[in-house]
Amino acid sequence: CVYLCSPVAVAEKRLMDVKLGELGSWIGGRDFTPNGIIAAVRRGHDRYYNKYINVKRGGIGGVAMLLAGYVVLSYVWEYDHIKHDRWRKYH
């Protein structure tokens, strides 16, 4: 019961482990300095790379997820241009 019952500071919990009532104190414990944001992005990249790319028997899943994210992000960036072209009359 030592591992499961030991209290963990809210700031050290992962986002998925934080309860809704603890969300404010969890956000308050984040490091929003430029170095903290860079470190968070680096941790996220390392976690993604180790889970989907750097595996012994890898599949297409990690690369496909990255490609799908790129397609969605590109569509969001170009939405105004696409919407403008949709209403243009070609004659």
# chains A, B, ... in the order shown; residues from 1 in each chain; ligands from 1
call {"tool": "residues_around", "arguments": {"residues": "Ile27 of chain A", "least_positions_apart": "5", "cutoff": "10 Å", "atoms": "only C-alpha atoms", "output": "PyMOL selection string"}}
result
chain A and resi 10-11+15+22+32
call {"tool": "residues_around", "arguments": {"residues": "Val63 of chain A", "least_positions_apart": "4", "cutoff": "12 Å", "atoms": "only C-alpha atoms", "output": "PyMOL selection string"}}
result
chain A and resi 48-49+51-54+58-59+67-70
call {"tool": "closest_residue", "arguments": {"among": "A:Ile60, A:Arg14, A:Val71, A:Pro7", "to": "Gly29 of chain A", "atoms": "only C-alpha atoms"}}
result
A:Arg14
call {"tool": "closest_residue", "arguments": {"among": "A:Trp26, A:Asp17, A:Arg47, A:Ser74", "to": "Gly62 of chain A", "atoms": "only C-alpha atoms"}}
result
A:Arg47
call {"tool": "atom_distance", "arguments": {"atom1": "atom CA of Ala9 of chain A", "atom2": "atom CA of Asp31 of chain A"}}
result
14.9 Å
call {"tool": "atom_distance", "arguments": {"atom1": "atom CA of Val72 of chain A", "atom2": "atom CA of Lys13 of chain A"}}
result
29.6 Å
call {"tool": "select_by_dssp", "arguments": {"residues": "chain A", "states": "helix (DSSP H, G or I)", "output": "ChimeraX atom specification"}}
result
/A:2-5,10-12,15-17,20-28,34-53,61-77,79-87
call {"tool": "atom_distance", "arguments": {"atom1": "atom CA of Arg57 of chain A", "atom2": "atom CA of Met16 of chain A"}}
result
27.0 Å
call {"tool": "decode", "arguments": {"residues": "segment 40-54 of chain A", "atoms": "N, CA, C and O atoms", "output": "tab-separated table (two decimals), in the first residue's frame"}}
result
chain	number	residue	atom	x	y	z
A	40	ALA	N	8.47	21.01	-21.55
A	40	ALA	CA	7.22	20.26	-21.69
A	40	ALA	C	7.06	19.72	-23.10
A	40	ALA	O	6.63	18.57	-23.30
A	41	VAL	N	7.40	20.54	-24.10
A	41	VAL	CA	7.32	20.08	-25.49
A	41	VAL	C	8.31	18.94	-25.72
A	41	VAL	O	8.00	17.95	-26.38
A	42	ARG	N	9.50	19.06	-25.15
A	42	ARG	CA	10.51	18.00	-25.30
A	42	ARG	C	10.05	16.69	-24.65
A	42	ARG	O	10.22	15.62	-25.21
A	43	ARG	N	9.44	16.81	-23.45
A	43	ARG	CA	8.92	15.59	-22.79
A	43	ARG	C	7.81	14.96	-23.62
A	43	ARG	O	7.73	13.74	-23.75
A	44	GLY	N	6.92	15.78	-24.19
A	44	GLY	CA	5.85	15.25	-25.03
A	44	GLY	C	6.40	14.57	-26.28
A	44	GLY	O	5.92	13.51	-26.67
A	45	HIS	N	7.39	15.18	-26.89
A	45	HIS	CA	8.01	14.57	-28.08
A	45	HIS	C	8.68	13.25	-27.72
A	45	HIS	O	8.53	12.26	-28.44
A	46	ASP	N	9.41	13.24	-26.61
A	46	ASP	CA	10.07	11.99	-26.19
A	46	ASP	C	9.06	10.90	-25.89
A	46	ASP	O	9.26	9.74	-26.25
A	47	ARG	N	7.96	11.26	-25.23
A	47	ARG	CA	6.92	10.27	-24.91
A	47	ARG	C	6.30	9.73	-26.19
A	47	ARG	O	6.10	8.52	-26.33
A	48	TYR	N	5.97	10.60	-27.15
A	48	TYR	CA	5.40	10.17	-28.43
A	48	TYR	C	6.38	9.29	-29.19
A	48	TYR	O	6.01	8.23	-29.70
A	49	TYR	N	7.64	9.71	-29.25
A	49	TYR	CA	8.65	8.96	-30.00
A	49	TYR	C	8.85	7.58	-29.40
A	49	TYR	O	8.91	6.58	-30.12
A	50	ASN	N	8.94	7.49	-28.08
A	50	ASN	CA	9.16	6.19	-27.45
A	50	ASN	C	7.94	5.29	-27.53
A	50	ASN	O	8.08	4.06	-27.56
A	51	LYS	N	6.75	5.87	-27.59
A	51	LYS	CA	5.54	5.04	-27.63
A	51	LYS	C	5.21	4.55	-29.03
A	51	LYS	O	4.78	3.41	-29.22
A	52	TYR	N	5.40	5.39	-30.05
A	52	TYR	CA	4.94	5.04	-31.39
A	52	TYR	C	6.05	4.80	-32.40
A	52	TYR	O	5.84	4.07	-33.36
A	53	ILE	N	7.19	5.41	-32.26
A	53	ILE	CA	8.22	5.32	-33.28
A	53	ILE	C	9.34	4.36	-32.87
A	53	ILE	O	9.73	3.48	-33.64
A	54	ASN	N	9.86	4.49	-31.68
A	54	ASN	CA	11.01	3.72	-31.22
A	54	ASN	C	10.55	2.43	-30.53
A	54	ASN	O	10.74	2.26	-29.34
